[in-house]
Amino acid sequence: MVKLIRSETRLFLRDPASVLVVLALPVALVALFGVIARPGEGDAAIKTYFPAMALALGLAQLTLNLVPGTLVGYRERGVLRRMAASPVGPGRLLGAQLAVGGVLSVVSLVLVVAVGTLGFGFETPARAGATLIVFVLGTLALFAVGMLVAALAPSTRAATGIGVGVMFASLIFGGVFMPAENLPDFMVAVGGYTPLGAFTQALRASWAGAWPEVLHLGVMAGWAALCGLLSARLFRWE
Amino acid sequence: MPVIEVRNLHKRYGERIAVHDVSFEVGKGEIFGILGPNGAGKTTTVECLEGLRRPDGGELRVLGLDPRTDGAALRERVGVQLQESHLPERMRVGEALELFASFYRSPAPWRRVMDDWGLTGIGDSAFGALSGGQKQRLFIALALVGAPEVAVLDELTTGLDPQSRRTTWELVEQVRDRGVTVVLVTHFMEEAERLCDRLVLIDSGRVVAGGTPAELVARAVPHHVIAFHTAEPLDRALLAGAPGVVRVEADGLRTVVTGTGNLLHTVMSVLIGHGIVAEDVRLERAGLDEAFLALTGAGRGRA
């Protein structure tokens, strides 16, 4: 399993586009807006919006676009079948993918916080414990949605199409493209029930020092459980 | 005890019956061939053996294990090369071998396997950059990297050029010489004739014939043809009555004899008895190709 995780990590790192989108983009966003928005002097909204936005964007790309695309590609091209004929079985490959995704998410969180605070005057999350809980829950929820996409998509093309569609809808409603403060009320309300929206709003709350709303935590847990179960039931190996 | 026992295997996909009724046994250390036209049910049969598919009927035993219930134990001991499979594009040859070796409790040394199959030179090449033949060799190497007791090779040499095909055959023989039982799925007659100790011929989900390649040929196409030249035109009557001779055709100095049994011996005895010297003797034996067509119905094509 360790070798499998290492191998999947290596494959991820060899794909420049993935590395760029998942690891470099969030850091670049924080750096860019750190220069433009001057969080050191700005209000609370700016301090929490940009890091949360950067993390959400990277995580959404990873979970809704890259992971489903990779898995459906593996299924379509017989990689999962080949694994099924070995003692390891295709389930471990999925597990390795998720493990790598989880590690990448954490790396991205650490990078964004480190670069944002040390280099550009963003603050560290005020309630680190809450931030961590939100982050883990949100990652699980998004991964579960991505897995459901992978379970349902008949081909790699379809997976990318569905994944990107879901991702953009989430980014708009979730207050990632624009801070929730600038969105119409109904969009914020709807967004709060989407995994990415709940994640972004809860992340910002914890960053600012508040406990995230129970609703948002519940929404994330709900999506994680629902999509996780559905994808486990519906996933096809070939 | 046979290494593989298949009795009355039956498998359907919904309405379509892929395998009607297939039975055979494979002994230890054999190269056993499963032959048949495309869509005959060959791949489904071996996939049931590998535990990749659940049969709908029949008895299966591989190394004494039931693929239906002991799949995990079986996969440690059976190496598989699938007809169609891929690796991630960016995975390198050496990495793939090392990774797959790590899946097994007691694998073969992967560097040696890489060397055996002539992959060391391309160990750092990405899977996506390999030629068809290189990919094929890699998949065979992956089938053997777990040091299996049984290796199932499905369409071993499809997509290989004649040179690599011959090299591959030699390697398969070496694999067998190390005591590995080999199950070979193929529609390539030359390959089966060259490699297989015994084989079954499957058509439309049923076994239509089984035995050694020579037995199969003898049963399906019993006639041999002998052609030769003589210094003077030959009297056909000399050979027409000889045992086993079916037909004698003469065309000037050239004579063509068709018959069964030990035809060469018969013809030569007659000629020598009459003091006739035959030159440019050619024995045309039917091959598995002809047997295949005769047994599965001609005109179906062999793709």
# chains A, B, ... in the order shown; residues from 1 in each chain; ligands from 1

call {"tool": "select_by_dssp", "arguments": {"residues": "range 145-276 of chain B", "states": "strand (DSSP E or B)", "output": "ChimeraX atom specification"}}
result
/B:150-154,181-186,198-203,206-211,224-230,245-251,254-259

call {"tool": "write_last_selection", "arguments": {"atoms": "N, CA and C atoms", "output": "short mmCIF file (atom, residue, chain, number, x, y, z; two decimals), in the first residue's frame"}}
result
data_model
loop_
_atom_site.label_atom_id
_atom_site.label_comp_id
_atom_site.auth_asym_id
_atom_site.auth_seq_id
_atom_site.Cartn_x
_atom_site.Cartn_y
_atom_site.Cartn_z
N VAL B 150 1.20 -20.61 -11.94
CA VAL B 150 0.46 -20.70 -13.19
C VAL B 150 0.49 -19.32 -13.84
N ALA B 151 0.77 -19.27 -15.13
CA ALA B 151 0.69 -17.99 -15.84
C ALA B 151 -0.36 -18.11 -16.93
N VAL B 152 -1.30 -17.18 -16.94
CA VAL B 152 -2.33 -17.16 -17.98
C VAL B 152 -2.01 -16.01 -18.92
N LEU B 153 -1.74 -16.36 -20.16
CA LEU B 153 -1.35 -15.34 -21.13
C LEU B 153 -2.41 -15.27 -22.22
N ASP B 154 -3.11 -14.14 -22.28
CA ASP B 154 -4.24 -13.99 -23.20
C ASP B 154 -3.79 -13.18 -24.40
N THR B 181 3.35 -23.54 -14.98
CA THR B 181 2.34 -24.03 -15.90
C THR B 181 1.79 -22.84 -16.68
N VAL B 182 1.72 -22.97 -17.99
CA VAL B 182 1.31 -21.83 -18.81
C VAL B 182 0.00 -22.14 -19.52
N VAL B 183 -0.97 -21.25 -19.37
CA VAL B 183 -2.21 -21.34 -20.15
C VAL B 183 -2.16 -20.23 -21.19
N LEU B 184 -2.27 -20.63 -22.43
CA LEU B 184 -2.07 -19.70 -23.52
C LEU B 184 -3.38 -19.56 -24.30
N VAL B 185 -3.91 -18.36 -24.34
CA VAL B 185 -5.11 -18.13 -25.14
C VAL B 185 -4.66 -17.53 -26.47
N THR B 186 -5.06 -18.12 -27.56
CA THR B 186 -4.59 -17.59 -28.84
C THR B 186 -5.53 -17.96 -29.98
N ARG B 198 -0.52 -29.41 -25.20
CA ARG B 198 -1.88 -29.88 -25.49
C ARG B 198 -2.75 -28.63 -25.63
N LEU B 199 -3.92 -28.82 -26.22
CA LEU B 199 -4.80 -27.67 -26.36
C LEU B 199 -6.25 -28.11 -26.49
N VAL B 200 -7.14 -27.17 -26.26
CA VAL B 200 -8.55 -27.39 -26.59
C VAL B 200 -8.93 -26.34 -27.62
N LEU B 201 -9.80 -26.75 -28.49
CA LEU B 201 -10.33 -25.83 -29.49
C LEU B 201 -11.76 -25.51 -29.09
N ILE B 202 -12.03 -24.22 -28.90
CA ILE B 202 -13.37 -23.80 -28.46
C ILE B 202 -14.05 -23.06 -29.59
N ASP B 203 -15.30 -23.39 -29.81
CA ASP B 203 -16.08 -22.65 -30.79
C ASP B 203 -17.49 -22.45 -30.24
N ARG B 206 -18.26 -23.94 -26.81
CA ARG B 206 -18.12 -25.37 -26.54
C ARG B 206 -16.76 -25.87 -27.01
N VAL B 207 -16.29 -26.93 -26.35
CA VAL B 207 -15.04 -27.55 -26.79
C VAL B 207 -15.35 -28.41 -28.00
N VAL B 208 -14.70 -28.13 -29.13
CA VAL B 208 -14.96 -28.96 -30.32
C VAL B 208 -13.87 -30.01 -30.52
N ALA B 209 -12.71 -29.82 -29.93
CA ALA B 209 -11.66 -30.82 -30.05
C ALA B 209 -10.61 -30.57 -28.99
N GLY B 210 -9.86 -31.62 -28.64
CA GLY B 210 -8.78 -31.44 -27.68
C GLY B 210 -7.71 -32.48 -27.90
N GLY B 211 -6.50 -32.18 -27.46
CA GLY B 211 -5.40 -33.13 -27.60
C GLY B 211 -4.12 -32.41 -27.91
N HIS B 224 -2.39 -36.41 -46.06
CA HIS B 224 -1.12 -35.76 -46.34
C HIS B 224 -0.95 -35.73 -47.85
N VAL B 225 -0.06 -34.88 -48.30
CA VAL B 225 0.23 -34.80 -49.73
C VAL B 225 1.74 -34.92 -49.92
N ILE B 226 2.14 -35.81 -50.86
CA ILE B 226 3.56 -35.93 -51.19
C ILE B 226 3.74 -35.62 -52.68
N ALA B 227 4.67 -34.73 -52.97
CA ALA B 227 4.93 -34.39 -54.36
C ALA B 227 6.40 -34.70 -54.67
N PHE B 228 6.68 -35.23 -55.86
CA PHE B 228 8.08 -35.51 -56.22
C PHE B 228 8.23 -35.54 -57.73
N HIS B 229 9.47 -35.50 -58.17
CA HIS B 229 9.80 -35.60 -59.58
C HIS B 229 10.54 -36.91 -59.85
N THR B 230 10.33 -37.46 -61.03
CA THR B 230 11.08 -38.66 -61.43
C THR B 230 11.74 -38.38 -62.77
N VAL B 245 -3.14 -44.90 -49.85
CA VAL B 245 -3.13 -43.92 -50.94
C VAL B 245 -4.56 -43.67 -51.41
N VAL B 246 -4.92 -42.40 -51.49
CA VAL B 246 -6.28 -42.05 -51.86
C VAL B 246 -6.35 -41.63 -53.33
N ARG B 247 -5.31 -40.89 -53.74
CA ARG B 247 -5.36 -40.33 -55.09
C ARG B 247 -3.94 -40.14 -55.60
N VAL B 248 -3.73 -40.41 -56.88
CA VAL B 248 -2.43 -40.15 -57.49
C VAL B 248 -2.64 -39.31 -58.73
N GLU B 249 -1.95 -38.18 -58.80
CA GLU B 249 -2.06 -37.35 -59.99
C GLU B 249 -0.67 -37.25 -60.60
N ALA B 250 -0.60 -37.41 -61.93
CA ALA B 250 0.69 -37.28 -62.61
C ALA B 250 0.58 -36.17 -63.65
N ASP B 251 1.64 -35.38 -63.70
CA ASP B 251 1.66 -34.28 -64.66
C ASP B 251 3.08 -34.23 -65.23
N ARG B 254 6.17 -34.88 -62.89
CA ARG B 254 5.81 -34.59 -61.51
C ARG B 254 4.62 -35.44 -61.09
N THR B 255 4.71 -36.01 -59.87
CA THR B 255 3.63 -36.84 -59.36
C THR B 255 3.20 -36.31 -58.00
N VAL B 256 1.88 -36.28 -57.77
CA VAL B 256 1.36 -35.83 -56.49
C VAL B 256 0.49 -36.94 -55.90
N VAL B 257 0.83 -37.39 -54.69
CA VAL B 257 0.10 -38.49 -54.06
C VAL B 257 -0.60 -37.97 -52.82
N THR B 258 -1.90 -38.25 -52.70
CA THR B 258 -2.65 -37.86 -51.52
C THR B 258 -3.03 -39.13 -50.77
N GLY B 259 -2.93 -39.07 -49.43
CA GLY B 259 -3.29 -40.29 -48.70
C GLY B 259 -3.24 -40.09 -47.20
#

call {"tool": "residues_around", "arguments": {"residues": "Gly58 in chain A", "least_positions_apart": "3", "cutoff": "10 Å", "atoms": "only C-alpha atoms", "output": "MDAnalysis selection string"}}
result
chainID A and resid 18:27 53:55 61:63 104:105 108:109

call {"tool": "interface_residues", "arguments": {"of": "chain B", "to": "chain A", "cutoff": "6 Å", "atoms": "only C-alpha atoms", "output": "PDB file with all heavy atoms, in the first residue's frame"}}
result
ATOM      1  N   ARG B  75      -4.821 -15.344  -6.485  1.00  0.00           N
ATOM      2  CA  ARG B  75      -4.134 -14.262  -7.183  1.00  0.00           C
ATOM      3  C   ARG B  75      -2.668 -14.149  -6.767  1.00  0.00           C
ATOM      4  O   ARG B  75      -1.863 -13.588  -7.491  1.00  0.00           O
ATOM      5  CB  ARG B  75      -4.877 -12.938  -6.966  1.00  0.00           C
ATOM      6  CG  ARG B  75      -6.111 -12.830  -7.855  1.00  0.00           C
ATOM      7  CD  ARG B  75      -6.706 -11.447  -7.837  1.00  0.00           C
ATOM      8  NE  ARG B  75      -7.524 -11.226  -6.649  1.00  0.00           N
ATOM      9  CZ  ARG B  75      -8.777 -11.607  -6.550  1.00  0.00           C
ATOM     10  NH1 ARG B  75      -9.378 -12.204  -7.548  1.00  0.00           N
ATOM     11  NH2 ARG B  75      -9.466 -11.385  -5.445  1.00  0.00           N
ATOM     12  N   GLU B  76      -2.323 -14.706  -5.590  1.00  0.00           N
ATOM     13  CA  GLU B  76      -0.918 -14.760  -5.185  1.00  0.00           C
ATOM     14  C   GLU B  76      -0.133 -15.731  -6.059  1.00  0.00           C
ATOM     15  O   GLU B  76       1.068 -15.609  -6.215  1.00  0.00           O
ATOM     16  CB  GLU B  76      -0.796 -15.230  -3.728  1.00  0.00           C
ATOM     17  CG  GLU B  76      -1.092 -14.174  -2.687  1.00  0.00           C
ATOM     18  CD  GLU B  76       0.068 -13.206  -2.498  1.00  0.00           C
ATOM     19  OE1 GLU B  76       1.189 -13.512  -2.947  1.00  0.00           O
ATOM     20  OE2 GLU B  76      -0.172 -12.136  -1.911  1.00  0.00           O
ATOM     21  N   SER B  85      -5.360  -4.253 -21.414  1.00  0.00           N
ATOM     22  CA  SER B  85      -5.223  -3.504 -20.173  1.00  0.00           C
ATOM     23  C   SER B  85      -4.163  -2.441 -20.379  1.00  0.00           C
ATOM     24  O   SER B  85      -3.422  -2.463 -21.345  1.00  0.00           O
ATOM     25  CB  SER B  85      -4.880  -4.412 -18.999  1.00  0.00           C
ATOM     26  OG  SER B  85      -3.633  -5.013 -19.207  1.00  0.00           O
ATOM     27  N   HIS B  86      -4.131  -1.514 -19.465  1.00  0.00           N
ATOM     28  CA  HIS B  86      -3.217  -0.395 -19.564  1.00  0.00           C
ATOM     29  C   HIS B  86      -2.627  -0.111 -18.201  1.00  0.00           C
ATOM     30  O   HIS B  86      -3.120  -0.574 -17.193  1.00  0.00           O
ATOM     31  CB  HIS B  86      -3.963   0.850 -20.025  1.00  0.00           C
ATOM     32  CG  HIS B  86      -4.009   0.993 -21.500  1.00  0.00           C
ATOM     33  ND1 HIS B  86      -4.963   0.379 -22.248  1.00  0.00           N
ATOM     34  CD2 HIS B  86      -3.243   1.679 -22.370  1.00  0.00           C
ATOM     35  CE1 HIS B  86      -4.772   0.679 -23.521  1.00  0.00           C
ATOM     36  NE2 HIS B  86      -3.735   1.471 -23.620  1.00  0.00           N
ATOM     37  N   LEU B  87      -1.596   0.713 -18.229  1.00  0.00           N
ATOM     38  CA  LEU B  87      -1.081   1.292 -16.995  1.00  0.00           C
ATOM     39  C   LEU B  87      -1.222   2.793 -17.156  1.00  0.00           C
ATOM     40  O   LEU B  87      -1.411   3.292 -18.262  1.00  0.00           O
ATOM     41  CB  LEU B  87       0.390   0.920 -16.835  1.00  0.00           C
ATOM     42  CG  LEU B  87       0.674  -0.556 -16.592  1.00  0.00           C
ATOM     43  CD1 LEU B  87       2.172  -0.787 -16.572  1.00  0.00           C
ATOM     44  CD2 LEU B  87       0.054  -1.018 -15.294  1.00  0.00           C
ATOM     45  N   PHE B 103       3.088  -6.131  -4.663  1.00  0.00           N
ATOM     46  CA  PHE B 103       1.747  -6.641  -4.360  1.00  0.00           C
ATOM     47  C   PHE B 103       1.782  -8.080  -3.849  1.00  0.00           C
ATOM     48  O   PHE B 103       0.826  -8.573  -3.270  1.00  0.00           O
ATOM     49  CB  PHE B 103       0.866  -6.638  -5.618  1.00  0.00           C
ATOM     50  CG  PHE B 103       0.586  -5.260  -6.166  1.00  0.00           C
ATOM     51  CD1 PHE B 103       0.078  -5.109  -7.443  1.00  0.00           C
ATOM     52  CD2 PHE B 103       0.815  -4.134  -5.397  1.00  0.00           C
ATOM     53  CE1 PHE B 103      -0.190  -3.851  -7.950  1.00  0.00           C
ATOM     54  CE2 PHE B 103       0.549  -2.869  -5.897  1.00  0.00           C
ATOM     55  CZ  PHE B 103       0.047  -2.729  -7.184  1.00  0.00           C
TER      56      PHE B 103
END

call {"tool": "atom_distance", "arguments": {"atom1": "CA of Asp115 in chain B", "atom2": "CA of Glu190 in chain B"}}
result
26.7 Å

call {"tool": "residues_around", "arguments": {"residues": "range 273-289 of chain B", "least_positions_apart": "2", "cutoff": "9 Å", "atoms": "only C-alpha atoms", "output": "NGL selection string"}}
result
:B and (188-190 or 192-193 or 213-214 or 216-218 or 220-232 or 234 or 238 or 264 or 268-271 or 291-294)

call {"tool": "write_last_selection", "arguments": {"atoms": "C-alpha atoms", "output": "short mmCIF file (atom, residue, chain, number, x, y, z; two decimals), in the first residue's frame"}}
result
data_model
loop_
_atom_site.label_atom_id
_atom_site.label_comp_id
_atom_site.auth_asym_id
_atom_site.auth_seq_id
_atom_site.Cartn_x
_atom_site.Cartn_y
_atom_site.Cartn_z
CA PHE B 188 -2.69 -17.92 -33.81
CA MET B 189 -2.26 -21.42 -35.16
CA GLU B 190 1.47 -21.17 -35.69
CA ALA B 192 -0.21 -22.98 -30.75
CA GLU B 193 1.58 -25.50 -32.92
CA PRO B 213 -1.55 -30.27 -31.87
CA ALA B 214 -0.52 -33.33 -33.92
CA LEU B 216 -5.87 -32.49 -33.63
CA VAL B 217 -4.45 -32.16 -37.09
CA ALA B 218 -4.53 -35.89 -37.70
CA ALA B 220 -9.39 -33.05 -38.52
CA VAL B 221 -7.30 -33.27 -41.66
CA PRO B 222 -6.12 -36.85 -42.03
CA HIS B 223 -4.73 -36.44 -45.56
CA HIS B 224 -1.12 -35.76 -46.34
CA VAL B 225 0.23 -34.80 -49.73
CA ILE B 226 3.56 -35.93 -51.19
CA ALA B 227 4.93 -34.39 -54.36
CA PHE B 228 8.08 -35.51 -56.22
CA HIS B 229 9.80 -35.60 -59.58
CA THR B 230 11.08 -38.66 -61.43
CA ALA B 231 13.45 -38.98 -64.36
CA GLU B 232 10.73 -40.67 -66.50
CA LEU B 234 5.61 -42.55 -63.60
CA LEU B 238 2.22 -48.47 -59.31
CA LEU B 264 5.84 -41.15 -47.00
CA MET B 268 9.12 -44.55 -50.83
CA SER B 269 8.90 -48.32 -50.38
CA VAL B 270 7.06 -48.67 -53.69
CA LEU B 271 9.49 -46.43 -55.53
CA ALA B 291 -7.52 -28.33 -38.72
CA PHE B 292 -8.88 -25.17 -37.17
CA LEU B 293 -10.90 -24.34 -40.26
CA ALA B 294 -12.15 -27.89 -40.62
#

call {"tool": "closest_residue", "arguments": {"among": "A:Cys227, A:Val110, A:Val134, A:Leu64", "to": "Gln201 in chain A", "atoms": "only C-alpha atoms"}}
result
A:Val134

call {"tool": "residues_around", "arguments": {"residues": "range 151-160 of chain A", "least_positions_apart": "6", "cutoff": "10 Å", "atoms": "only C-alpha atoms", "output": "ChimeraX atom specification"}}
result
/A:64-77,145,166,230-237

call {"tool": "select_by_dssp", "arguments": {"residues": "chain A", "states": "alpha helix (DSSP H)", "output": "number ranges by chain"}}
result
A: 2-13, 16-19, 25-37, 44-60, 67-76, 79-84, 90-120, 128-152, 156-173, 185-191, 195-208, 214-234

call {"tool": "residues_around", "arguments": {"residues": "Pro195 in chain A", "least_positions_apart": "5", "cutoff": "7 Å", "atoms": "only C-alpha atoms", "output": "VMD selection string"}}
result
chain A and resid 138 141 to 142 219 to 220 223

call {"tool": "write_last_selection", "arguments": {"atoms": "C-alpha atoms", "output": "PDB file, in the first residue's frame"}}
result
ATOM      1  CA  GLY A 138     -14.994  19.690   3.641  1.00  0.00           C
ATOM      2  CA  ALA A 141     -17.499  15.932   1.394  1.00  0.00           C
ATOM      3  CA  LEU A 142     -15.824  17.095  -1.805  1.00  0.00           C
ATOM      4  CA  VAL A 219     -24.219  19.935   5.364  1.00  0.00           C
ATOM      5  CA  MET A 220     -20.641  18.795   4.799  1.00  0.00           C
ATOM      6  CA  TRP A 223     -22.773  15.244   1.608  1.00  0.00           C
TER       7      TRP A 223
END

call {"tool": "residues_around", "arguments": {"residues": "Gly116 in chain A", "least_positions_apart": "2", "cutoff": "10 Å", "atoms": "only C-alpha atoms", "output": "JSON, numbers by chain"}}
result
{"A": [27, 28, 29, 30, 31, 32, 33, 34, 39, 47, 50, 51, 110, 111, 112, 113, 114, 118, 119, 120, 121, 122, 123, 124]}

call {"tool": "residues_around", "arguments": {"residues": "Ala210 in chain A", "least_positions_apart": "4", "cutoff": "12 Å", "atoms": "only C-alpha atoms", "output": "mmCIF file with all heavy atoms, in the first residue's frame"}}
result
data_model
loop_
_atom_site.group_PDB
_atom_site.id
_atom_site.type_symbol
_atom_site.label_atom_id
_atom_site.label_comp_id
_atom_site.auth_asym_id
_atom_site.auth_seq_id
_atom_site.Cartn_x
_atom_site.Cartn_y
_atom_site.Cartn_z
ATOM 1 N N ALA A 44 -11.950 42.353 8.027
ATOM 2 C CA ALA A 44 -11.973 40.915 8.292
ATOM 3 C C ALA A 44 -12.357 40.115 7.062
ATOM 4 O O ALA A 44 -11.843 39.020 6.840
ATOM 5 C CB ALA A 44 -12.949 40.611 9.435
ATOM 6 N N THR A 48 -10.223 36.789 5.530
ATOM 7 C CA THR A 48 -10.674 35.397 5.500
ATOM 8 C C THR A 48 -11.049 34.943 4.099
ATOM 9 O O THR A 48 -10.927 33.772 3.778
ATOM 10 C CB THR A 48 -11.906 35.209 6.405
ATOM 11 O OG1 THR A 48 -12.947 36.078 5.942
ATOM 12 C CG2 THR A 48 -11.561 35.536 7.833
ATOM 13 N N PRO A 125 -5.333 31.057 10.974
ATOM 14 C CA PRO A 125 -6.709 30.831 11.419
ATOM 15 C C PRO A 125 -6.821 31.084 12.916
ATOM 16 O O PRO A 125 -6.007 30.585 13.700
ATOM 17 C CB PRO A 125 -6.946 29.367 11.093
ATOM 18 C CG PRO A 125 -5.967 29.052 10.000
ATOM 19 C CD PRO A 125 -4.784 29.929 10.237
ATOM 20 N N ALA A 126 -7.820 31.853 13.298
ATOM 21 C CA ALA A 126 -7.967 32.218 14.707
ATOM 22 C C ALA A 126 -8.358 31.014 15.555
ATOM 23 O O ALA A 126 -7.991 30.905 16.715
ATOM 24 C CB ALA A 126 -8.982 33.343 14.848
ATOM 25 N N ARG A 127 -9.148 30.151 14.996
ATOM 26 C CA ARG A 127 -9.488 28.929 15.719
ATOM 27 C C ARG A 127 -8.949 27.744 14.924
ATOM 28 O O ARG A 127 -9.649 27.151 14.097
ATOM 29 C CB ARG A 127 -11.006 28.792 15.858
ATOM 30 C CG ARG A 127 -11.568 29.599 16.985
ATOM 31 C CD ARG A 127 -13.026 29.277 17.200
ATOM 32 N NE ARG A 127 -13.613 30.192 18.161
ATOM 33 C CZ ARG A 127 -13.579 29.986 19.468
ATOM 34 N NH1 ARG A 127 -13.004 28.906 19.964
ATOM 35 N NH2 ARG A 127 -14.130 30.856 20.281
ATOM 36 N N ALA A 128 -7.701 27.449 15.182
ATOM 37 C CA ALA A 128 -7.024 26.433 14.381
ATOM 38 C C ALA A 128 -7.759 25.092 14.449
ATOM 39 O O ALA A 128 -7.914 24.402 13.433
ATOM 40 C CB ALA A 128 -5.586 26.269 14.854
ATOM 41 N N GLY A 129 -8.230 24.732 15.642
ATOM 42 C CA GLY A 129 -8.930 23.455 15.799
ATOM 43 C C GLY A 129 -10.161 23.394 14.925
ATOM 44 O O GLY A 129 -10.379 22.420 14.193
ATOM 45 N N ALA A 130 -10.948 24.467 14.968
ATOM 46 C CA ALA A 130 -12.167 24.509 14.166
ATOM 47 C C ALA A 130 -11.823 24.463 12.682
ATOM 48 O O ALA A 130 -12.470 23.772 11.895
ATOM 49 C CB ALA A 130 -12.958 25.775 14.495
ATOM 50 N N THR A 131 -10.782 25.202 12.306
ATOM 51 C CA THR A 131 -10.381 25.222 10.905
ATOM 52 C C THR A 131 -10.030 23.817 10.424
ATOM 53 O O THR A 131 -10.415 23.398 9.330
ATOM 54 C CB THR A 131 -9.153 26.144 10.723
ATOM 55 O OG1 THR A 131 -9.499 27.445 11.189
ATOM 56 C CG2 THR A 131 -8.745 26.214 9.267
ATOM 57 N N GLN A 201 -17.812 28.912 3.632
ATOM 58 C CA GLN A 201 -18.362 29.768 4.680
ATOM 59 C C GLN A 201 -17.871 29.348 6.060
ATOM 60 O O GLN A 201 -17.509 30.191 6.897
ATOM 61 C CB GLN A 201 -19.892 29.761 4.607
ATOM 62 C CG GLN A 201 -20.374 30.432 3.314
ATOM 63 C CD GLN A 201 -21.885 30.501 3.208
ATOM 64 O OE1 GLN A 201 -22.583 30.515 4.223
ATOM 65 N NE2 GLN A 201 -22.398 30.544 1.985
ATOM 66 N N ALA A 202 -17.842 28.023 6.275
ATOM 67 C CA ALA A 202 -17.376 27.542 7.578
ATOM 68 C C ALA A 202 -15.887 27.826 7.767
ATOM 69 O O ALA A 202 -15.438 28.178 8.866
ATOM 70 C CB ALA A 202 -17.651 26.038 7.700
ATOM 71 N N LEU A 203 -15.150 27.699 6.681
ATOM 72 C CA LEU A 203 -13.710 27.942 6.758
ATOM 73 C C LEU A 203 -13.444 29.410 7.119
ATOM 74 O O LEU A 203 -12.602 29.727 7.960
ATOM 75 C CB LEU A 203 -13.060 27.582 5.414
ATOM 76 C CG LEU A 203 -11.541 27.429 5.402
ATOM 77 C CD1 LEU A 203 -11.109 26.281 6.306
ATOM 78 C CD2 LEU A 203 -11.038 27.167 3.982
ATOM 79 N N ARG A 204 -14.192 30.299 6.487
ATOM 80 C CA ARG A 204 -14.000 31.717 6.759
ATOM 81 C C ARG A 204 -14.372 32.052 8.202
ATOM 82 O O ARG A 204 -13.686 32.826 8.874
ATOM 83 C CB ARG A 204 -14.838 32.554 5.793
ATOM 84 C CG ARG A 204 -14.323 32.476 4.369
ATOM 85 C CD ARG A 204 -15.093 33.395 3.458
ATOM 86 N NE ARG A 204 -15.032 34.770 3.908
ATOM 87 C CZ ARG A 204 -15.738 35.761 3.367
ATOM 88 N NH1 ARG A 204 -16.574 35.503 2.369
ATOM 89 N NH2 ARG A 204 -15.618 36.987 3.807
ATOM 90 N N ALA A 205 -15.469 31.438 8.662
ATOM 91 C CA ALA A 205 -15.889 31.696 10.037
ATOM 92 C C ALA A 205 -14.797 31.291 11.014
ATOM 93 O O ALA A 205 -14.425 32.053 11.917
ATOM 94 C CB ALA A 205 -17.187 30.939 10.327
ATOM 95 N N SER A 206 -14.242 30.106 10.805
ATOM 96 C CA SER A 206 -13.234 29.630 11.755
ATOM 97 C C SER A 206 -11.952 30.458 11.630
ATOM 98 O O SER A 206 -11.254 30.673 12.599
ATOM 99 C CB SER A 206 -12.950 28.144 11.511
ATOM 100 O OG SER A 206 -12.200 27.985 10.328
ATOM 101 N N VAL A 214 -23.373 25.210 12.816
ATOM 102 C CA VAL A 214 -23.656 23.777 12.857
ATOM 103 C C VAL A 214 -24.251 23.323 11.523
ATOM 104 O O VAL A 214 -23.952 22.242 11.028
ATOM 105 C CB VAL A 214 -24.637 23.464 14.008
ATOM 106 C CG1 VAL A 214 -24.999 21.977 14.001
ATOM 107 C CG2 VAL A 214 -24.012 23.846 15.336
#

call {"tool": "closest_residue", "arguments": {"among": "A:Val190, A:Ala37, A:Leu215, A:Ile162", "to": "Gly174 in chain A", "atoms": "only C-alpha atoms"}}
result
A:Val190
